[in-house]
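Here's the structure, in structure tokens; my notes come after.
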Amino acid sequence: MSNKRYAYNYDIEECNQLFKRGVFPIGCGKHDKTGNVFLVFCVNARYLKVLEDIRFLMAQGTENNRTPR
């Protein structure tokens, strides 16, 4: 049995950021019931590190754009 893990990513903006950082999908598809498009990535150390960096930067951007009350 294969030890490979796969991630199905439905967040297109996040996928675009992964592409810009050199992480590319191994496939794509369309959800049968919802019709949403997804990309399939092989989960490895590089994918996890880049994804963590992207999510951190997106969270920082959200916090920086908050307006004070």
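Letters A, B, ... mark the chains of the structure tokens in the order given; residue numbers begin at 1 per chain; ligand numbers begin at 1, in order shown.
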
Distance query region 30-39 of chain A at most 10 Å, only C-alpha atoms, self and fewer than 6 positions along chain excluded, as a list of chain:residue names =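 Counting only the stated atoms, we get A:Ala7, A:Tyr8, A:Asn9, A:Tyr10, A:Asp11, A:Ile12, A:Cys15, A:Phe24.
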
task = Identify, with DSSP run on backbone atoms, the residues in chain A assigned to strand (DSSP E), and express the list as JSON, numbers by chain.
result = {"A": [6, 7, 8, 9, 27, 28, 29, 30, 37, 38, 39, 40, 41, 42]}

Taking N, CA and C atoms for each residue, export the selection above as a compact mmCIF listing (two decimals), in the first residue's frame.
# COMPACT_ATOMS: atom_id res chain seq x y z
N TYR A 6 -2.45 12.84 -0.22
CA TYR A 6 -2.86 13.83 -1.20
C TYR A 6 -3.75 14.87 -0.53
N ALA A 7 -3.66 16.10 -1.00
CA ALA A 7 -4.48 17.20 -0.49
C ALA A 7 -5.34 17.71 -1.64
N TYR A 8 -6.63 17.85 -1.37
CA TYR A 8 -7.58 18.39 -2.33
C TYR A 8 -7.85 19.83 -1.92
N ASN A 9 -7.38 20.77 -2.72
CA ASN A 9 -7.47 22.18 -2.35
C ASN A 9 -8.52 22.87 -3.22
N GLY A 27 -2.97 16.98 -10.20
CA GLY A 27 -4.24 16.72 -10.86
C GLY A 27 -5.26 17.78 -10.52
N CYS A 28 -6.42 17.66 -11.14
CA CYS A 28 -7.51 18.58 -10.88
C CYS A 28 -8.82 17.83 -11.06
N GLY A 29 -9.89 18.43 -10.59
CA GLY A 29 -11.18 17.78 -10.73
C GLY A 29 -12.31 18.71 -10.39
N LYS A 30 -13.51 18.15 -10.42
CA LYS A 30 -14.72 18.89 -10.13
C LYS A 30 -15.56 18.03 -9.19
N VAL A 37 -14.47 23.37 -8.32
CA VAL A 37 -13.22 22.90 -8.90
C VAL A 37 -12.18 22.76 -7.78
N PHE A 38 -11.36 21.70 -7.85
CA PHE A 38 -10.30 21.52 -6.88
C PHE A 38 -9.02 21.08 -7.57
N LEU A 39 -7.90 21.31 -6.90
CA LEU A 39 -6.60 20.86 -7.38
C LEU A 39 -6.05 19.85 -6.39
N VAL A 40 -5.34 18.84 -6.89
CA VAL A 40 -4.80 17.79 -6.04
C VAL A 40 -3.29 17.98 -5.95
N PHE A 41 -2.79 18.03 -4.72
CA PHE A 41 -1.36 18.16 -4.47
C PHE A 41 -0.87 16.94 -3.71
N CYS A 42 0.35 16.53 -3.99
CA CYS A 42 1.00 15.48 -3.22
C CYS A 42 1.57 16.14 -1.96

task = Using only C-alpha atoms, find the one residue out of A:Ala59, A:Ile26, A:Ala45, A:Ile54 that sits nearest to Glu13 (chain A).
result =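 Of A:Ala59, A:Ile26, A:Ala45, A:Ile54, the one nearest Glu13 (chain A) is A:Ile54, counting only C-alpha atoms.
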
task = Run DSSP on the backbone and grab whatever in chain A lands in helix (DSSP H, G or I); send it over as a PyMOL selection string.
result = chain A and resi 12-20+45-64

Residue selection dump (N, CA and C atoms) as a compact mmCIF listing (two decimals), in the first residue's frame:
# COMPACT_ATOMS: atom_id res chain seq x y z
N ILE A 12 -8.82 28.53 -4.72
CA ILE A 12 -8.08 28.84 -5.95
C ILE A 12 -7.01 29.90 -5.71
N GLU A 13 -7.31 30.91 -4.89
CA GLU A 13 -6.31 31.95 -4.59
C GLU A 13 -5.10 31.34 -3.88
N GLU A 14 -5.36 30.44 -2.95
CA GLU A 14 -4.27 29.76 -2.25
C GLU A 14 -3.46 28.91 -3.23
N CYS A 15 -4.13 28.26 -4.15
CA CYS A 15 -3.45 27.46 -5.18
C CYS A 15 -2.55 28.34 -6.05
N ASN A 16 -3.03 29.52 -6.41
CA ASN A 16 -2.22 30.45 -7.20
C ASN A 16 -0.95 30.84 -6.46
N GLN A 17 -1.06 31.05 -5.15
CA GLN A 17 0.11 31.38 -4.35
C GLN A 17 1.08 30.19 -4.29
N LEU A 18 0.55 28.99 -4.24
CA LEU A 18 1.41 27.79 -4.27
C LEU A 18 2.17 27.72 -5.60
N PHE A 19 1.48 28.00 -6.70
CA PHE A 19 2.13 27.98 -8.03
C PHE A 19 3.29 28.97 -8.08
N LYS A 20 3.05 30.18 -7.54
CA LYS A 20 4.08 31.22 -7.57
C LYS A 20 5.31 30.83 -6.79
N ALA A 45 7.06 17.63 2.49
CA ALA A 45 7.59 18.68 3.37
C ALA A 45 7.53 20.05 2.70
N ARG A 46 7.86 20.12 1.42
CA ARG A 46 7.84 21.41 0.71
C ARG A 46 6.43 21.98 0.64
N TYR A 47 5.47 21.14 0.29
CA TYR A 47 4.08 21.59 0.21
C TYR A 47 3.61 22.13 1.55
N LEU A 48 3.88 21.40 2.63
CA LEU A 48 3.44 21.83 3.95
C LEU A 48 4.10 23.14 4.38
N LYS A 49 5.40 23.30 4.11
CA LYS A 49 6.11 24.51 4.49
C LYS A 49 5.57 25.72 3.73
N VAL A 50 5.41 25.59 2.43
CA VAL A 50 4.91 26.70 1.61
C VAL A 50 3.48 27.04 2.00
N LEU A 51 2.65 26.03 2.24
CA LEU A 51 1.27 26.27 2.64
C LEU A 51 1.21 27.00 3.98
N GLU A 52 2.06 26.62 4.91
CA GLU A 52 2.13 27.30 6.21
C GLU A 52 2.53 28.76 6.03
N ASP A 53 3.52 29.01 5.18
CA ASP A 53 3.97 30.38 4.92
C ASP A 53 2.85 31.21 4.30
N ILE A 54 2.14 30.66 3.34
CA ILE A 54 1.06 31.37 2.66
C ILE A 54 -0.04 31.72 3.65
N ARG A 55 -0.43 30.77 4.47
CA ARG A 55 -1.51 31.01 5.44
C ARG A 55 -1.09 32.04 6.48
N PHE A 56 0.19 32.02 6.87
CA PHE A 56 0.69 33.02 7.81
C PHE A 56 0.62 34.41 7.19
N LEU A 57 1.09 34.53 5.95
CA LEU A 57 1.07 35.83 5.27
C LEU A 57 -0.36 36.33 5.05
N MET A 58 -1.27 35.43 4.72
CA MET A 58 -2.66 35.83 4.52
C MET A 58 -3.27 36.31 5.84
N ALA A 59 -2.94 35.66 6.94
CA ALA A 59 -3.44 36.08 8.25
C ALA A 59 -2.87 37.44 8.63
N GLN A 60 -1.60 37.67 8.33
CA GLN A 60 -0.98 38.96 8.62
C GLN A 60 -1.63 40.06 7.80
N GLY A 61 -1.92 39.78 6.55
CA GLY A 61 -2.56 40.77 5.69
C GLY A 61 -3.95 41.12 6.19
N THR A 62 -4.67 40.14 6.69
CA THR A 62 -6.01 40.37 7.23
C THR A 62 -5.94 41.25 8.46
N GLU A 63 -4.97 40.98 9.34
CA GLU A 63 -4.84 41.77 10.56
C GLU A 63 -4.42 43.20 10.24
N ASN A 64 -3.55 43.37 9.26
CA ASN A 64 -3.07 44.71 8.90
C ASN A 64 -4.17 45.54 8.25
